[in-house]
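Participant: Quick one, final-v9.csv (CSV, C-alpha atoms and all ligand atoms):
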chain,number,residue,atom,x,y,z
U,136,MET,CA,121.4,124.9,97.8
U,137,ALA,CA,117.9,124.2,99.1
U,138,ASP,CA,117.4,122.8,102.6
U,139,TYR,CA,117.1,119.1,103.1
U,140,LEU,CA,113.6,118.1,104.3
U,141,ASN,CA,113.0,114.8,106.1
U,142,ALA,CA,109.7,113.1,105.9
U,143,ALA,CA,108.4,114.9,109.1
U,144,ALA,CA,109.4,118.3,107.7
U,145,LEU,CA,107.8,117.5,104.4
U,146,LEU,CA,104.6,116.4,106.0
U,147,ALA,CA,104.4,119.5,108.1
U,148,LEU,CA,104.8,121.7,105.1
U,149,ALA,CA,102.2,119.7,103.1
U,150,ARG,CA,99.7,120.0,105.9
U,151,GLU,CA,100.3,123.7,106.3
U,152,ALA,CA,99.8,124.2,102.6
U,153,GLU,CA,96.6,122.1,102.6
U,154,ALA,CA,95.2,123.9,105.6
U,155,LYS,CA,95.6,127.2,103.7
U,156,GLN,CA,93.5,125.8,100.8
U,157,GLU,CA,90.8,124.5,103.2
U,158,ALA,CA,90.6,127.6,105.3
U,159,GLY,CA,89.0,129.5,102.4
U,160,ALA,CA,87.5,128.5,99.1
U,161,PRO,CA,90.3,126.6,97.2
U,162,THR,CA,92.1,129.2,95.2
U,163,PRO,CA,91.8,128.7,91.5
U,164,CYS,CA,95.2,128.9,90.0
U,165,SER,CA,96.9,128.4,86.7
U,166,CYS,CA,99.1,125.7,88.3
U,167,THR,CA,96.1,123.4,88.6
U,168,LYS,CA,95.0,123.6,84.9
U,169,THR,CA,96.6,120.2,84.2
U,170,PRO,CA,95.8,117.5,86.9
U,171,LEU,CA,99.1,116.6,88.6
U,172,ASP,CA,97.8,114.0,91.1
U,173,GLY,CA,100.3,111.5,89.6
U,174,TRP,CA,103.6,112.1,88.0
U,175,GLN,CA,103.4,114.0,84.7
U,176,SER,CA,105.8,115.5,82.3
U,177,GLN,CA,105.9,119.1,83.2
U,178,PRO,CA,103.1,120.8,81.1
U,179,LEU,CA,104.3,123.4,78.7
U,180,SER,CA,101.5,125.6,80.0
U,181,LEU,CA,103.1,125.7,83.4
U,182,ASP,CA,104.9,129.0,84.2
U,183,GLU,CA,108.1,127.9,86.0
U,184,THR,CA,108.7,131.4,87.2
U,185,GLN,CA,105.7,131.2,89.5
U,186,PHE,CA,107.3,128.5,91.6
U,187,ASP,CA,109.7,129.0,94.5
U,188,GLU,CA,112.0,126.1,95.5
U,189,ILE,CA,111.6,125.5,99.2
U,190,GLY,CA,113.6,122.4,99.9
U,191,THR,CA,115.1,119.1,98.6
U,192,LEU,CA,114.5,115.5,99.5
U,193,LEU,CA,118.0,114.5,98.2
U,194,PRO,CA,119.9,113.4,101.3
U,195,GLU,CA,123.1,115.5,101.7
U,196,ASP,CA,125.2,112.5,102.6
U,197,ASP,CA,124.0,110.3,99.7
U,198,PRO,CA,124.6,111.8,96.3
U,199,GLU,CA,123.5,108.5,94.6
U,200,PRO,CA,120.3,107.5,96.3
U,201,THR,CA,118.5,104.2,95.5
U,202,PHE,CA,116.4,103.6,92.4
U,203,SER,CA,114.2,101.2,94.3
U,204,GLU,CA,110.6,102.3,94.4
U,205,HIS,CA,108.0,101.9,97.1
U,206,LEU,CA,104.8,100.9,95.3
U,207,PRO,CA,102.5,98.7,97.5
U,208,GLY,CA,99.4,97.0,96.2
U,209,ASP,CA,98.1,97.9,92.8
U,210,THR,CA,100.0,101.2,92.7
U,211,ASN,CA,102.5,102.0,90.0
U,212,TYR,CA,104.8,104.9,89.3
U,213,TRP,CA,102.1,106.9,87.6
U,214,SER,CA,99.3,106.2,90.1
U,215,ALA,CA,97.5,109.2,91.6
U,216,ASP,CA,97.5,107.3,94.9
U,217,ALA,CA,101.1,106.1,94.8
U,218,PRO,CA,102.7,106.8,98.2
U,219,VAL,CA,105.3,109.6,98.5
U,220,ALA,CA,108.1,107.7,100.3
U,221,PRO,CA,110.9,110.3,100.5
U,222,ARG,CA,113.7,107.7,100.8
U,223,TYR,CA,112.7,105.9,97.6
U,224,PHE,CA,112.8,106.7,93.9
U,225,PRO,CA,112.0,109.1,92.5
U,226,TYR,CA,111.2,111.1,95.7
U,227,ASN,CA,114.8,110.8,96.9
U,228,ARG,CA,115.8,113.0,93.9
U,229,CYS,CA,113.0,115.6,94.2
U,230,THR,CA,113.0,119.2,95.0
U,231,VAL,CA,109.9,120.8,96.6
U,232,TRP,CA,108.3,123.8,95.1
U,233,ARG,CA,105.7,126.2,96.2
U,234,CYS,CA,103.4,128.1,93.8
U,235,ALA,CA,103.8,131.7,94.6
U,236,SER,CA,100.2,132.5,93.6
U,237,CYS,CA,98.3,129.8,95.6
U,238,ALA,CA,100.9,128.2,97.9
U,239,ARG,CA,100.2,124.7,96.7
U,240,LEU,CA,103.2,122.4,96.9
U,241,TYR,CA,104.8,120.3,94.1
U,242,LEU,CA,107.6,117.8,93.7
U,243,ARG,CA,109.8,118.0,90.7
U,244,TYR,CA,112.8,116.0,89.4
U,245,THR,CA,114.5,115.3,86.1
U,246,GLU,CA,113.9,111.8,84.7
U,247,GLY,CA,116.6,110.2,82.6
U,248,GLY,CA,119.9,111.5,81.4
U,249,GLY,CA,121.9,111.9,78.2
U,250,TYR,CA,119.6,112.1,75.2
U,251,PHE,CA,116.4,111.4,77.2
U,252,VAL,CA,115.6,114.1,79.8
U,253,ASP,CA,112.1,114.7,81.0
U,254,ARG,CA,111.2,117.2,83.7
U,255,ARG,CA,108.4,115.6,85.8
U,256,ILE,CA,106.1,117.2,88.3
U,257,ARG,CA,103.6,115.9,90.9
U,258,ALA,CA,101.3,117.7,93.3
U,259,LEU,CA,102.2,116.9,96.9
U,260,ARG,CA,99.4,115.6,99.1
U,261,ALA,CA,100.0,115.1,102.8
U,262,ALA,CA,97.9,112.0,103.0
U,263,LEU,CA,100.3,110.1,100.7
U,264,ILE,CA,103.5,110.8,102.5
U,265,GLU,CA,104.9,107.6,104.1
U,266,ASP,CA,108.2,107.5,105.9
U,267,VAL,CA,109.3,104.0,104.8
U,268,PRO,CA,112.8,103.1,106.0
U,269,LEU,CA,115.2,101.6,103.4
U,270,PRO,CA,116.0,97.9,103.8
U,271,ALA,CA,119.1,97.4,105.9
D,1,ZN,ZN,99.2,127.9,92.0
Show the structure stored in the file as structure tokens.

Facilitator:
Amino acid sequence: MADYLNAAALLALAREAEAKQEAGAPTPCSCTKTPLDGWQSQPLSLDETQFDEIGTLLPEDDPEPTFSEHLPGDTNYWSADAPVAPRYFPYNRCTVWRCASCARLYLRYTEGGGYFVDRRIRALRAALIEDVPLPA
């Protein structure tokens, strides 16, 4: 079972990963072949074995987190600039993965259930992480 990451821990990891990319020339990597700035169905070209799971955003004490989404302004689920609000759908079901080759971070979860199952992936950007509390 992967470690639970709260928003602060997620932000720290994302900043660290981005600092590594900025320290040198950004590392070209097979994981960036398909743009993953917004949610995408996991590209078939993506080699899953090159990713390591480093944490989960699923709260341990809440096995059925909310399906509410946090989408301010003109953003929608697919937007490249949609905020990453860890307490809201789909982030509250995501696991966090690190590319073993380039150390970039990704969020992944499985959309749907039953006959319709789609594995989705999105690149994690520190600037989009927003710790928005759930309504009381
Ligand atoms: Zn990579």

Participant: List every residue of chain U that has an atom at most 12 Å from any atom of ligand ZN 1 (chain D), giving for each one its closest atom pair and the distance in Å to one decimal, counting all atoms listed in the file, sorted by chain and then by ascending residue number, as a tab-separated table.

Facilitator:
residue	atom	partner	partner_atom	distance
U:Ala152	CA	D:ZN1	ZN	11.2
U:Gln156	CA	D:ZN1	ZN	10.7
U:Pro161	CA	D:ZN1	ZN	10.4
U:Thr162	CA	D:ZN1	ZN	7.9
U:Pro163	CA	D:ZN1	ZN	7.5
U:Cys164	CA	D:ZN1	ZN	4.6
U:Ser165	CA	D:ZN1	ZN	5.8
U:Cys166	CA	D:ZN1	ZN	4.3
U:Thr167	CA	D:ZN1	ZN	6.4
U:Lys168	CA	D:ZN1	ZN	9.3
U:Thr169	CA	D:ZN1	ZN	11.3
U:Leu171	CA	D:ZN1	ZN	11.8
U:Leu181	CA	D:ZN1	ZN	9.7
U:Asp182	CA	D:ZN1	ZN	9.7
U:Glu183	CA	D:ZN1	ZN	10.7
U:Thr184	CA	D:ZN1	ZN	11.2
U:Gln185	CA	D:ZN1	ZN	7.7
U:Phe186	CA	D:ZN1	ZN	8.1
U:Asp187	CA	D:ZN1	ZN	10.8
U:Trp232	CA	D:ZN1	ZN	10.5
U:Arg233	CA	D:ZN1	ZN	7.9
U:Cys234	CA	D:ZN1	ZN	4.6
U:Ala235	CA	D:ZN1	ZN	6.5
U:Ser236	CA	D:ZN1	ZN	5.0
U:Cys237	CA	D:ZN1	ZN	4.2
U:Ala238	CA	D:ZN1	ZN	6.1
U:Arg239	CA	D:ZN1	ZN	5.8
U:Leu240	CA	D:ZN1	ZN	8.4
U:Tyr241	CA	D:ZN1	ZN	9.7
U:Ala258	CA	D:ZN1	ZN	10.5

Participant: Report as JSON lines: every residue of range 224-264 of chain U with an atom at most 12 Å from range 212-216 of chain U, its closest pair of atoms, and their distance in Å to one decimal, counting all atoms listed in the file, with rows sorted by chain and ascending residue number.

Facilitator:
{"residue": "U:Phe224", "atom": "CA", "partner": "U:Tyr212", "partner_atom": "CA", "distance": 9.4}
{"residue": "U:Pro225", "atom": "CA", "partner": "U:Tyr212", "partner_atom": "CA", "distance": 8.9}
{"residue": "U:Tyr226", "atom": "CA", "partner": "U:Tyr212", "partner_atom": "CA", "distance": 11.0}
{"residue": "U:Arg255", "atom": "CA", "partner": "U:Trp213", "partner_atom": "CA", "distance": 10.9}
{"residue": "U:Ile256", "atom": "CA", "partner": "U:Trp213", "partner_atom": "CA", "distance": 11.1}
{"residue": "U:Arg257", "atom": "CA", "partner": "U:Ala215", "partner_atom": "CA", "distance": 9.1}
{"residue": "U:Ala258", "atom": "CA", "partner": "U:Ala215", "partner_atom": "CA", "distance": 9.5}
{"residue": "U:Leu259", "atom": "CA", "partner": "U:Ala215", "partner_atom": "CA", "distance": 10.5}
{"residue": "U:Arg260", "atom": "CA", "partner": "U:Asp216", "partner_atom": "CA", "distance": 9.5}
{"residue": "U:Ala261", "atom": "CA", "partner": "U:Asp216", "partner_atom": "CA", "distance": 11.4}
{"residue": "U:Ala262", "atom": "CA", "partner": "U:Asp216", "partner_atom": "CA", "distance": 9.4}
{"residue": "U:Leu263", "atom": "CA", "partner": "U:Asp216", "partner_atom": "CA", "distance": 7.0}
{"residue": "U:Ile264", "atom": "CA", "partner": "U:Asp216", "partner_atom": "CA", "distance": 10.3}

Participant: Separation of CA of Ser176 in chain U and CA of Phe251 in chain U, in Å?

Facilitator: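 Those two atoms sit 12.5 Å apart.
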
Participant: Using all atoms listed in the file, determine which residues lie at most 12 Å from Val252 in chain U, disregarding the query and same-chain residues fewer than 6 positions distant; provide the list as a list in words.

Facilitator: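 Near Val252 in chain U, the qualifying residues are Ser176, Gln177, Tyr244, Thr245 and Glu246 of chain U.
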
Participant: May I ask for the distance between CA of Leu206 in chain U and CA of Leu179 in chain U, given in Å to one decimal place?

Facilitator: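 Taking CA of Leu206 in chain U as the start and CA of Leu179 in chain U as the end point, the length is 28.0 Å.
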
Participant: Show which residues sit within 10 Å of Thr201 in chain U, as a ChimeraX atom specification. Count all atoms listed in the file, and ignore same-chain residues fewer than 3 positions away.

Facilitator: /U:197-198,204,222-225,227-228,269

Participant: Between CA of Glu151 in chain U and CA of Ser203 in chain U, what is the spacing in Å?

Facilitator: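 According to the coordinates, CA of Ser203 in chain U and CA of Glu151 in chain U are separated by 29.0 Å.
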
Participant: Can you find the residues with an atom no farther than 7 Å from (112.4, 118.4, 92.1), counting all atoms listed in the file, and report them as a VMD selection string?

Facilitator: chain U and resid 228 to 231 242 to 244

Participant: Which residue, U:Ser180, U:Gln175, U:Gly249, U:Ile189, has the smallest gap to Ala149 in chain U when you use all atoms listed in the file?

Facilitator: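 Of all the options, U:Ile189 lies closest to Ala149 in chain U.
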
Participant: For Asp266 in chain U, find every residue with an atom within 7 Å (counting only C-alpha atoms), except residues of its own chain fewer than 5 positions away, and show them as number ranges by chain.

Facilitator: U: 142, 220-221

Participant: Looking at all atoms listed in the file, which of U:Pro268, U:Asp138, U:Gly173, U:Ala217 is the one that sits closest to Thr191 in chain U?

Facilitator: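 Checking each of U:Pro268, U:Asp138, U:Gly173, U:Ala217 against Thr191 in chain U, counting all atoms listed in the file, the winner is U:Asp138.
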
Participant: Rank U:Tyr139, U:Gly248, U:Val267, U:Thr210 by their smallest atom-to-atom distance to Leu192 in chain U, using only C-alpha atoms, and report the top residue only.

Facilitator: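 Between U:Tyr139, U:Gly248, U:Val267, U:Thr210, the residue approaching Leu192 in chain U most closely is U:Tyr139.
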
Participant: Which one is closest to Ala144 in chain U: U:Glu195, U:Trp174, U:Gly190, U:Gly208? Count all atoms listed in the file.

Facilitator: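 Comparing U:Glu195, U:Trp174, U:Gly190, U:Gly208 against Ala144 in chain U, the winner is U:Gly190.
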
Participant: Which is closer to Glu265 in chain U than all the others in U:Lys155, U:Pro218, U:Asp196, U:Tyr250, using all atoms listed in the file?

Facilitator: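 Closest candidate: U:Pro218.
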